[in-house]
Structures are given as structure tokens and as C-alpha cells.
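Chemist: Structure supplied as start_37.tsv; contents: TSV, C-alpha atoms.
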chain	number	residue	atom	x	y	z
A	290	MET	CA	3.71	12.84	43.69
A	291	LEU	CA	5.74	11.08	41.06
A	292	THR	CA	7.03	7.61	41.86
A	293	PRO	CA	10.76	7.20	41.19
A	294	ILE	CA	11.48	4.89	38.27
A	295	ALA	CA	13.45	1.83	39.32
A	296	ARG	CA	16.88	1.20	37.73
A	297	PRO	CA	16.58	-1.49	35.05
A	298	THR	CA	17.85	-4.90	36.12
A	299	SER	CA	16.64	-6.86	33.12
A	300	GLN	CA	19.12	-8.19	30.58
A	301	ARG	CA	16.41	-8.14	27.90
A	302	ILE	CA	17.06	-6.09	24.79
A	303	LEU	CA	14.34	-5.41	22.24
A	304	VAL	CA	15.53	-5.86	18.66
A	305	ALA	CA	13.46	-4.80	15.65
A	306	ASP	CA	14.77	-5.32	12.12
A	307	ASP	CA	12.98	-6.54	9.01
A	308	ASP	CA	16.17	-8.06	7.59
A	309	PRO	CA	16.57	-11.71	8.69
A	310	VAL	CA	20.36	-11.63	8.21
A	311	VAL	CA	20.87	-8.56	10.39
A	312	ARG	CA	18.37	-9.91	12.94
A	313	LEU	CA	20.36	-13.12	13.34
A	314	LEU	CA	23.64	-11.20	13.54
A	315	VAL	CA	22.44	-8.80	16.20
A	316	THR	CA	20.78	-11.61	18.15
A	317	SER	CA	23.96	-13.70	18.12
A	318	ILE	CA	26.10	-10.76	19.27
A	319	LEU	CA	23.68	-10.00	22.12
A	320	LYS	CA	23.53	-13.65	23.23
A	321	SER	CA	27.33	-13.87	23.21
A	322	GLY	CA	27.34	-10.94	25.64
A	323	GLY	CA	24.90	-12.64	28.00
A	324	TYR	CA	21.87	-10.57	27.02
A	325	THR	CA	18.41	-11.87	26.20
A	326	PRO	CA	17.25	-10.51	22.86
A	327	VAL	CA	13.51	-10.13	22.30
A	328	VAL	CA	13.25	-10.06	18.54
A	329	VAL	CA	10.53	-8.68	16.28
A	330	GLU	CA	10.40	-8.27	12.53
A	331	ASP	CA	9.13	-4.73	12.09
A	332	GLY	CA	8.20	-1.49	13.76
A	333	ARG	CA	4.55	-2.35	14.25
A	334	GLU	CA	5.46	-5.51	16.16
A	335	ALA	CA	7.90	-3.54	18.30
A	336	TYR	CA	5.14	-1.04	19.08
A	337	ARG	CA	2.81	-3.89	20.09
A	338	VAL	CA	5.42	-5.39	22.41
A	339	LEU	CA	6.13	-2.02	24.01
A	340	ARG	CA	2.45	-1.41	24.74
A	341	SER	CA	2.46	-4.13	27.37
A	342	ASP	CA	6.13	-4.63	28.19
A	343	SER	CA	8.68	-2.06	29.29
A	344	ASP	CA	11.14	-4.43	30.97
A	345	PHE	CA	14.03	-3.77	28.59
A	346	LYS	CA	17.57	-2.70	29.34
A	347	ALA	CA	17.88	-1.20	25.85
A	348	ALA	CA	16.42	-1.33	22.35
A	349	ILE	CA	18.06	-1.74	18.95
A	350	PHE	CA	15.98	-0.70	15.96
A	351	ASP	CA	16.60	-0.65	12.25
A	352	MET	CA	15.99	2.86	10.99
A	353	MET	CA	13.99	1.83	7.93
A	354	MET	CA	11.32	-0.81	8.54
A	355	PRO	CA	7.89	-1.57	7.11
A	356	HIS	CA	4.78	-0.12	8.79
A	357	LEU	CA	6.56	1.91	11.46
A	358	GLU	CA	10.12	3.13	11.12
A	359	GLY	CA	12.61	3.10	13.96
A	360	VAL	CA	12.31	6.81	14.55
A	361	ASP	CA	8.51	6.54	14.82
A	362	ILE	CA	8.81	4.03	17.65
A	363	ILE	CA	11.36	6.24	19.39
A	364	ARG	CA	8.98	9.20	19.23
A	365	HIS	CA	6.31	7.04	20.86
A	366	MET	CA	8.74	5.81	23.52
A	367	ARG	CA	9.77	9.34	24.44
A	368	THR	CA	6.15	10.26	25.18
A	369	GLU	CA	5.53	7.31	27.53
A	370	ARG	CA	7.03	7.67	30.98
A	371	ARG	CA	7.50	3.92	31.47
A	372	LEU	CA	9.48	3.72	28.18
A	373	MET	CA	11.45	6.97	28.39
A	374	ARG	CA	14.41	5.51	30.27
A	375	ILE	CA	15.07	2.81	27.62
A	376	PRO	CA	18.09	3.90	25.53
A	377	VAL	CA	17.78	3.21	21.83
A	378	MET	CA	20.42	2.37	19.25
A	379	LEU	CA	19.43	2.93	15.63
A	380	ILE	CA	21.20	0.84	13.01
A	381	THR	CA	21.08	1.76	9.35
A	382	SER	CA	22.90	1.69	6.04
A	383	GLU	CA	21.68	5.27	5.55
A	384	ARG	CA	24.43	7.91	5.39
A	385	ASP	CA	22.12	10.93	5.37
A	386	LEU	CA	23.27	13.30	8.14
A	387	LYS	CA	19.92	15.13	8.09
A	388	LEU	CA	18.08	11.88	8.79
A	389	MET	CA	20.51	11.06	11.58
A	390	ALA	CA	20.03	14.50	13.12
A	391	GLU	CA	16.26	14.04	12.97
A	392	SER	CA	16.59	10.68	14.70
A	393	PHE	CA	18.61	12.23	17.52
A	394	ALA	CA	16.07	15.02	17.82
A	395	ALA	CA	13.37	12.36	18.16
A	396	GLY	CA	15.27	10.73	21.02
A	397	ALA	CA	17.65	8.14	19.57
A	398	THR	CA	20.63	7.64	21.87
A	399	ILE	CA	23.25	6.19	19.52
A	400	PHE	CA	23.66	5.51	15.82
A	401	LEU	CA	25.45	2.52	14.32
A	402	PRO	CA	25.93	2.47	10.54
A	403	LYS	CA	25.75	-0.85	8.66
A	404	PRO	CA	27.80	-2.81	8.00
A	405	PHE	CA	29.15	-3.12	11.52
A	406	THR	CA	31.57	-5.56	13.06
A	407	THR	CA	30.86	-7.61	16.15
A	408	GLY	CA	33.28	-5.41	18.10
A	409	GLN	CA	31.60	-2.18	16.99
A	410	LEU	CA	28.16	-3.36	18.05
A	411	GLN	CA	29.51	-4.61	21.38
A	412	LEU	CA	31.27	-1.30	22.00
A	413	MET	CA	28.23	0.78	21.15
A	414	LEU	CA	26.06	-1.44	23.29
A	415	ARG	CA	28.35	-0.83	26.25
A	416	MET	CA	28.11	2.92	25.67
A	417	LEU	CA	24.34	2.64	25.35
A	418	LEU	CA	24.05	0.72	28.61
A	419	ASP	CA	26.38	3.14	30.40
A	420	LYS	CA	23.87	5.82	29.56
A	421	SER	CA	21.07	3.60	30.79
A	422	ASP	CA	22.83	3.00	34.12
A	423	GLY	CA	23.64	6.67	34.47
A	424	ALA	CA	27.33	5.88	34.90
A	425	ASP	CA	28.43	8.40	32.29
A	426	ALA	CA	25.97	9.91	29.91
A	427	ARG	CA	28.54	12.14	28.17
A	428	PRO	CA	29.05	11.35	24.49
A	429	ARG	CA	32.34	9.60	23.93
A	430	ARG	CA	34.64	9.49	20.95
A	431	VAL	CA	35.30	6.01	19.61
A	432	GLU	CA	38.57	5.85	17.72
A	433	ASN	CA	38.45	4.28	14.24
A	434	SER	CA	34.74	3.69	14.54
A	435	PRO	CA	32.03	4.82	12.14
A	436	CYS	CA	29.64	5.02	15.07
A	437	GLN	CA	28.25	8.46	15.71
A	438	THR	CA	26.89	10.17	18.76
A	439	ARG	CA	24.73	13.27	18.85
A	440	ALA	CA	27.72	15.50	19.66
A	441	GLU	CA	29.73	14.14	16.72
A	442	LEU	CA	26.87	14.84	14.38
A	443	ARG	CA	26.60	18.43	15.58
A	444	ARG	CA	30.27	18.87	14.72
A	445	ALA	CA	29.88	17.23	11.28
B	1267	MET	CA	24.74	-19.19	-16.18
B	1268	SER	CA	22.05	-16.80	-15.02
B	1269	VAL	CA	21.48	-17.11	-11.34
B	1270	ILE	CA	18.09	-15.67	-10.96
B	1271	ARG	CA	15.30	-16.95	-13.15
B	1272	VAL	CA	12.32	-14.62	-13.27
B	1273	ASP	CA	9.01	-16.30	-14.05
B	1274	ALA	CA	6.00	-14.71	-15.71
B	1275	ASP	CA	4.43	-14.27	-12.29
B	1276	ARG	CA	7.55	-12.30	-11.26
B	1277	SER	CA	8.64	-14.95	-8.78
B	1278	THR	CA	12.37	-15.55	-8.79
B	1279	HIS	CA	14.42	-18.67	-8.29
B	1280	TRP	CA	18.06	-19.49	-7.84
B	1281	GLU	CA	19.37	-22.05	-10.32
B	1282	LEU	CA	20.20	-25.28	-8.53
B	1283	VAL	CA	23.89	-26.02	-8.41
B	1284	SER	CA	25.17	-29.52	-7.89
B	1285	PRO	CA	27.88	-30.05	-5.23
B	1286	ALA	CA	30.42	-30.69	-8.00
B	1287	HIS	CA	29.93	-27.12	-9.18
B	1288	ALA	CA	29.54	-25.53	-5.80
B	1289	GLY	CA	33.15	-24.33	-5.46
B	1290	ALA	CA	33.96	-20.65	-5.83
B	1291	ASP	CA	35.69	-20.45	-9.21
B	1292	ALA	CA	38.17	-17.76	-10.18
B	1293	ALA	CA	35.46	-15.60	-11.75
B	1294	ALA	CA	33.61	-15.44	-8.45
B	1295	LEU	CA	36.62	-14.61	-6.30
B	1296	GLY	CA	36.38	-11.17	-4.76
B	1297	ALA	CA	32.60	-11.11	-4.90
B	1298	VAL	CA	32.50	-11.68	-1.15
B	1299	ASP	CA	35.04	-10.60	1.46
B	1300	VAL	CA	35.33	-13.94	3.21
B	1301	ALA	CA	37.15	-12.32	6.15
B	1302	VAL	CA	33.83	-10.68	7.05
B	1303	LEU	CA	32.21	-14.11	7.36
B	1304	ASP	CA	35.17	-15.48	9.30
B	1305	GLY	CA	34.74	-12.60	11.74
B	1306	PHE	CA	31.46	-14.13	12.92
B	1307	ALA	CA	33.06	-17.43	13.93
B	1308	ALA	CA	33.68	-16.17	17.49
B	1309	LEU	CA	29.94	-15.81	17.95
B	1310	GLN	CA	29.32	-19.52	17.40
B	1311	ALA	CA	27.52	-20.94	20.42
B	1312	GLU	CA	28.27	-24.50	21.47
B	1313	GLY	CA	25.65	-27.04	20.46
B	1314	GLU	CA	23.92	-24.56	18.14
B	1315	PRO	CA	23.69	-24.86	14.34
B	1316	ASP	CA	26.62	-23.29	12.47
B	1317	LEU	CA	25.97	-19.55	12.58
B	1318	ILE	CA	27.78	-18.73	9.34
B	1319	VAL	CA	25.85	-21.43	7.45
B	1320	GLU	CA	22.63	-20.03	8.89
B	1321	LEU	CA	23.55	-16.49	7.85
B	1322	ILE	CA	24.40	-17.66	4.33
B	1323	ASP	CA	21.17	-19.64	4.04
B	1324	LEU	CA	19.09	-16.70	5.20
B	1325	TYR	CA	20.81	-14.41	2.72
B	1326	LEU	CA	20.43	-16.80	-0.22
B	1327	GLU	CA	16.76	-17.29	0.66
B	1328	ASP	CA	16.03	-13.59	1.10
B	1329	ALA	CA	18.04	-11.98	-1.73
B	1330	PRO	CA	15.89	-13.35	-4.61
B	1331	ARG	CA	12.77	-12.05	-2.86
B	1332	LYS	CA	14.30	-8.59	-2.66
B	1333	VAL	CA	15.28	-8.74	-6.34
B	1334	ALA	CA	11.71	-9.79	-7.21
B	1335	SER	CA	10.43	-6.77	-5.27
B	1336	MET	CA	12.82	-4.52	-7.18
B	1337	LEU	CA	11.71	-5.95	-10.54
B	1338	GLU	CA	8.09	-5.41	-9.60
B	1339	ALA	CA	8.82	-1.88	-8.40
B	1340	VAL	CA	10.54	-1.01	-11.69
B	1341	ALA	CA	7.63	-2.47	-13.68
B	1342	LEU	CA	5.21	-0.34	-11.65
B	1343	ALA	CA	7.54	2.71	-11.62
B	1344	ASP	CA	7.20	2.64	-7.84
B	1345	GLU	CA	10.29	4.51	-6.62
B	1346	GLY	CA	9.46	4.04	-2.94
B	1347	ALA	CA	9.23	0.25	-3.24
B	1348	LEU	CA	12.43	0.13	-5.32
B	1349	GLY	CA	14.27	2.22	-2.74
B	1350	ARG	CA	13.07	0.10	0.20
B	1351	ALA	CA	13.97	-3.24	-1.42
B	1352	ALA	CA	17.36	-1.96	-2.60
B	1353	HIS	CA	18.10	-0.42	0.80
B	1354	SER	CA	17.25	-3.64	2.59
B	1355	LEU	CA	19.38	-5.86	0.32
B	1356	LYS	CA	22.21	-3.33	0.59
B	1357	GLY	CA	22.29	-3.77	4.35
B	1358	SER	CA	22.36	-7.56	4.40
B	1359	SER	CA	24.84	-7.75	1.49
B	1360	ALA	CA	27.26	-5.34	3.14
B	1361	SER	CA	26.87	-7.15	6.46
B	1362	LEU	CA	28.01	-10.43	4.89
B	1363	GLY	CA	30.81	-8.92	2.80
B	1364	ALA	CA	29.07	-8.97	-0.60
B	1365	GLY	CA	30.39	-5.51	-1.46
B	1366	GLN	CA	29.58	-5.42	-5.19
B	1367	VAL	CA	25.96	-6.41	-4.60
B	1368	ALA	CA	25.72	-3.77	-1.86
B	1369	ALA	CA	27.18	-1.12	-4.19
B	1370	LEU	CA	24.69	-1.96	-6.94
B	1371	CYS	CA	21.86	-1.79	-4.41
B	1372	GLY	CA	23.09	1.69	-3.47
B	1373	GLU	CA	22.91	2.74	-7.14
B	1374	LEU	CA	19.42	1.27	-7.48
B	1375	GLU	CA	18.35	3.07	-4.34
B	1376	ARG	CA	19.44	6.39	-5.82
B	1377	THR	CA	17.74	5.53	-9.13
B	1378	GLY	CA	14.49	5.18	-7.21
B	1379	ASP	CA	15.18	8.40	-5.30
B	1380	ASP	CA	15.10	10.65	-8.35
B	1381	GLY	CA	12.22	8.84	-10.02
B	1382	SER	CA	14.32	7.91	-13.03
B	1383	PHE	CA	14.07	4.26	-13.98
B	1384	GLU	CA	16.19	4.60	-17.11
B	1385	TRP	CA	19.11	2.68	-15.67
B	1386	ALA	CA	17.24	0.40	-13.32
B	1387	GLY	CA	16.85	-2.43	-15.86
B	1388	ALA	CA	20.57	-2.44	-16.67
B	1389	LEU	CA	21.49	-2.25	-13.00
B	1390	LEU	CA	19.20	-5.16	-12.19
B	1391	ALA	CA	20.81	-7.22	-14.96
B	1392	ARG	CA	24.23	-6.51	-13.42
B	1393	MET	CA	22.75	-7.34	-10.05
B	1394	GLY	CA	21.86	-10.82	-11.36
B	1395	GLN	CA	25.48	-11.37	-12.39
B	1396	GLU	CA	26.94	-10.06	-9.15
B	1397	LEU	CA	24.53	-12.09	-7.05
B	1398	GLU	CA	25.53	-15.19	-8.96
B	1399	ARG	CA	29.22	-14.50	-8.23
B	1400	ALA	CA	28.39	-13.92	-4.58
B	1401	ARG	CA	26.26	-17.05	-4.42
B	1402	ARG	CA	29.16	-19.18	-5.71
B	1403	VAL	CA	31.43	-17.88	-2.98
B	1404	PHE	CA	28.76	-18.33	-0.32
B	1405	ALA	CA	28.06	-21.89	-1.57
B	1406	ALA	CA	31.77	-22.74	-1.30
B	1407	GLU	CA	32.02	-21.24	2.18
B	1408	ARG	CA	28.89	-23.10	3.25
B	1409	GLN	CA	30.31	-26.37	1.92
B	1410	LYS	CA	33.49	-25.88	3.97
B	1411	ARG	CA	31.50	-25.63	7.18
B	1412	LEU	CA	29.29	-28.70	6.71
Rewrite the coordinates I just gave you, this time as C-alpha cells.
Modeler:
Amino acid sequence: MLTPIARPTSQRILVADDDPVVRLLVTSILKSGGYTPVVVEDGREAYRVLRSDSDFKAAIFDMMMPHLEGVDIIRHMRTERRLMRIPVMLITSERDLKLMAESFAAGATIFLPKPFTTGQLQLMLRMLLDKSDGADARPRRVENSPCQTRAELRRA
Amino acid sequence: MSVIRVDADRSTHWELVSPAHAGADAAALGAVDVAVLDGFAALQAEGEPDLIVELIDLYLEDAPRKVASMLEAVALADEGALGRAAHSLKGSSASLGAGQVAALCGELERTGDDGSFEWAGALLARMGQELERARRVFAAERQKRL
């Protein structure tokens, strides 16, 4: 019999980005919102952390990183039961719709194009965590935002 | 003045600028959208080092490394490495409001995509000029916050 997975209570958010500027920005935004960022510099490090630690409320990955790209980690997470419930935001300066669609197919929850403002990241984080808490998993339209959900991409 | 000096070993260096010359002159204006930087002020945590200064320092430390990677990639005709370095610098430049640098990185990224390096040298030369303009603005903004 399967054991029910407990609702996440942790405020920890895993952040993986090889760019030091974006890492500091994302970390500062998360701290200002009362979250505890756990920060790594590339996909391989994120993979190592996730092998022994699944206590994350969400994850934010850069799409293009050395060693393992964001989408590769997501594919791994979606095959591990203890990691499946963690919603993932992919951030990228990529504008390739095909790549975005592939990332959603792999299990990414939300996309945030760079550059982003503090408000945009905060808004998308709230949407991401709503999905995590099961409050409302329906994709929502964000006015005047470049952020894209899976449903928006299908329409594009 | 050329901002980035490239040595024979392909390492790159910013030219040192004395405080007397650190102000953003007219030629550099517009290289960075300063409103983008100002937008991060609300994130400043009490008792912590100035966030905007930290962001600027990280950028000015990292950008020459990315340019060195691009120069090396062009010399080796390695389109993948050129694309990765250009993509990475594009993200941090756009995030801090250095729009011209970000745009040039986008062009370099596409140059690497199609395997044609014909324009990469010229684009990298322009990159040096745009980075210098951006650096002057960043230096002035940094000075204001110290």
C-alpha cells in the first residue's frame, strides 16, 4: 500500500543557476519573501542535493546550465516519487517555443523569461506554490507579464 | 580607451579606472537602464552589504570571463561554447539593464548557432566597446552607493 505523501511545510527553495548575478538576484528575492534559498551553481550540484534531500517547497532552475541542464534535472525529479511533488520554475533568456514546450512535457511547472522584475518572480513564485499546495492548479493568465504557463504555450 | 585587454594567454582584464574618471560620461549614458538597478533597492536587507553594489561587482567580475570564453570559442570555431558563453552573458546583462551588451550577446549566440564565425570577431570588438560604456555607468552607480 502506498503511503500518502505529506504536504510540504518547508520554506526551502532549491535554486540552481550558473550565473552569479542571477543567483544573487533570485536569492535576494526569495529571502525578501521569507523563504530559505538553497543555492547551487549548476545542474550536477542540484542533482547531488536532490539525491539526499527532498525537503523543498519548490525549485527554480536555469534552463541552460553546465553538466546537467534544468530540463534534465526535471526529468529525473519526475521519475522519483519523493521529488515528484516539488513544482519547478524554469528561468531562461531563451525565446524558443519548441524548447519551452519540451520543458513542459518533461514536467516543468512554470516558465519565467529573463530578464524578470522582482514583482514578476514573486508573482510566479506565488502561482508555483499555489500549485504545490493544491489550492488551485489551473493555469492562470498574468496580465502584462511575459511569464508563460503550459496552457498559454499551447495557444501560442 | 579599450576596456578589455586580452593577453596572449587569452586571459582578459578590465582597465583600472581611477575614482576621478569613474563617473558615467555622456558617451556612456544609455548603456545601462539605471531604473532596472534602482528596482532592486527594495530587496536590500538591513545590516547586509549593499545589494546593488554586490550585483555590479559580480557582473564586472564575471563579464570579462565570459568574453574570454567567447574569444576562445571563436579561435577554436567551437559554436557550442560560443553560444553558451554568449547566452549566459546575455542573461546577466539583461537582468542588470545593460541592453546593448545583451543584444550583442544575442547576435553572437545566433552566430554560433549557424556555425558561421564570419561576424563574430567584429561583434566581439563592438562588445568590448559596449561593455566599456556599461562599465562606466556601473562604476558611477557603484560610487553613488558607497
Chemist: Between A:Ser321, A:Ser382, A:Ser341, A:Ser299, which is the closest to Pro402 (chain A) once you count all atoms listed in the file?
Modeler: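 Distance minimum relative to Pro402 (chain A) lands on A:Ser382.
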Chemist: Which residue gives the smallest distance to Leu418 (chain A) among A:Gln300, A:His356, A:Ala394, A:Met389, with all atoms listed in the file counted?
Modeler: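 Nearest candidate to Leu418 (chain A) out of A:Gln300, A:His356, A:Ala394, A:Met389: A:Gln300.
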Chemist: Interatomic distance between CA of Gly322 (chain A) and CA of Lys403 (chain A)?
Modeler: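 For CA of Gly322 (chain A) relative to CA of Lys403 (chain A), the distance reads 19.8 Å.
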Chemist: Scan for residues within 10 Å of the point (25.4, -1.0, -5.8) in the coordinates of the file, using only C-alpha atoms, and reply as number ranges by chain.
Modeler: B: 1352-1353, 1355-1356, 1359, 1365-1376, 1389-1390, 1392-1393, 1396
Chemist: May I ask you to extract the residues of chain A within 12 Å of chain B, using all atoms listed in the file, and to give them as a ChimeraX atom specification?
Modeler: /A:306-323,351-356,358,380-384,402-408,411
Chemist: So how far away is CA of Ile399 (chain A) from CA of Met378 (chain A), in Å?
Modeler: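 If I compute the distance from CA of Met378 (chain A) to CA of Ile399 (chain A), I get 4.8 Å.
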Chemist: Step by step: start from the point (13.7, 13.1, 21.0) in the file's coordinates, keep every protein, DNA or RNA residue that has an atom no farther than 8 Å from it, count all atoms listed in the file, and write the set as a ChimeraX atom specification.
Modeler: /A:363-364,367,392-397
Chemist: Pull C-alpha atoms from the residues just selected and write them as a short mmCIF file (atom, residue, chain, number, x, y, z; two decimals), in the coordinates of the input.
Modeler:
data_model
loop_
_atom_site.label_atom_id
_atom_site.label_comp_id
_atom_site.auth_asym_id
_atom_site.auth_seq_id
_atom_site.Cartn_x
_atom_site.Cartn_y
_atom_site.Cartn_z
CA ILE A 363 11.36 6.24 19.39
CA ARG A 364 8.98 9.20 19.23
CA ARG A 367 9.77 9.34 24.44
CA SER A 392 16.59 10.68 14.70
CA PHE A 393 18.61 12.23 17.52
CA ALA A 394 16.07 15.02 17.82
CA ALA A 395 13.37 12.36 18.16
CA GLY A 396 15.27 10.73 21.02
CA ALA A 397 17.65 8.14 19.57
#
Chemist: Expressed in Å to a single decimal, how great is the separation between CA of Ala1297 (chain B) and CA of Gln409 (chain A)?
Modeler: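 CA of Gln409 (chain A) lies 23.7 Å from CA of Ala1297 (chain B).
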Chemist: Between B:Ala1400, B:Val1300, B:Ala1386, B:Ala1329, which has the minimum distance to Ala1343 (chain B) (counting all atoms listed in the file)?
Modeler: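 Counting all atoms listed in the file, the residue closest to Ala1343 (chain B) is B:Ala1386.
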Chemist: For Leu357 (chain A), please output as a VMD selection string all residues within 10 Å (counting all atoms listed in the file; exclusion window: fewer than 2 positions along the same chain).
Modeler: chain A and resid 331 to 336 352 to 355 359 to 362
Chemist: Using only C-alpha atoms, which residue out of A:Ala390, A:Met416, A:Ile302, A:Met373 lies closest to Val338 (chain A)?
Modeler: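 Using only C-alpha atoms, Val338 (chain A) sits closest to A:Ile302.
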Chemist: Using only C-alpha atoms, which residue out of B:Arg1408, B:Ser1382, B:Asp1304, B:Ala1388 lies closest to Glu1345 (chain B)?
Modeler: B:Ser1382
Chemist: Taking all atoms listed in the file into account, which of A:Ala347, A:Val329, A:Thr368, A:Arg340 comes nearest Arg301 (chain A)?
Modeler: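 Closest residue, counting all atoms listed in the file: A:Ala347.
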Chemist: Starting from the incomplete input, reconstruct N, CA and C atoms of region 315-333 of chain A and report them as a compact mmCIF listing (two decimals), in the frame of the given file.
Modeler:
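That gives us selection.txt:
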# COMPACT_ATOMS: atom_id res chain seq x y z
N VAL A 315 22.59 -9.57 14.96
CA VAL A 315 22.44 -8.80 16.20
C VAL A 315 22.09 -9.73 17.36
N THR A 316 21.19 -10.66 17.11
CA THR A 316 20.78 -11.61 18.15
C THR A 316 21.97 -12.41 18.66
N SER A 317 22.80 -12.88 17.73
CA SER A 317 23.96 -13.70 18.12
C SER A 317 24.95 -12.88 18.94
N ILE A 318 25.16 -11.63 18.53
CA ILE A 318 26.10 -10.76 19.27
C ILE A 318 25.57 -10.51 20.68
N LEU A 319 24.27 -10.26 20.79
CA LEU A 319 23.68 -10.00 22.12
C LEU A 319 23.78 -11.24 23.00
N LYS A 320 23.46 -12.40 22.43
CA LYS A 320 23.53 -13.65 23.23
C LYS A 320 24.96 -13.91 23.70
N SER A 321 25.93 -13.62 22.82
CA SER A 321 27.33 -13.87 23.21
C SER A 321 27.75 -12.97 24.37
N GLY A 322 27.04 -11.85 24.54
CA GLY A 322 27.34 -10.94 25.64
C GLY A 322 26.49 -11.20 26.87
N GLY A 323 25.70 -12.27 26.83
CA GLY A 323 24.90 -12.64 28.00
C GLY A 323 23.56 -11.93 28.09
N TYR A 324 23.17 -11.26 27.02
CA TYR A 324 21.87 -10.57 27.02
C TYR A 324 20.79 -11.48 26.47
N THR A 325 19.54 -11.09 26.72
CA THR A 325 18.41 -11.87 26.20
C THR A 325 17.68 -11.03 25.15
N PRO A 326 17.93 -11.31 23.88
CA PRO A 326 17.25 -10.51 22.86
C PRO A 326 15.77 -10.91 22.73
N VAL A 327 14.93 -9.91 22.62
CA VAL A 327 13.51 -10.13 22.30
C VAL A 327 13.35 -9.57 20.90
N VAL A 328 13.09 -10.46 19.94
CA VAL A 328 13.25 -10.06 18.54
C VAL A 328 11.91 -9.96 17.82
N VAL A 329 11.71 -8.85 17.12
CA VAL A 329 10.53 -8.68 16.28
C VAL A 329 10.96 -8.27 14.88
N GLU A 330 10.02 -8.42 13.93
CA GLU A 330 10.40 -8.27 12.53
C GLU A 330 10.12 -6.89 11.93
N ASP A 331 9.36 -6.07 12.62
CA ASP A 331 9.13 -4.73 12.09
C ASP A 331 8.70 -3.77 13.19
N GLY A 332 8.51 -2.52 12.79
CA GLY A 332 8.20 -1.49 13.76
C GLY A 332 6.85 -1.67 14.43
N ARG A 333 5.89 -2.17 13.68
CA ARG A 333 4.55 -2.35 14.25
C ARG A 333 4.58 -3.38 15.37
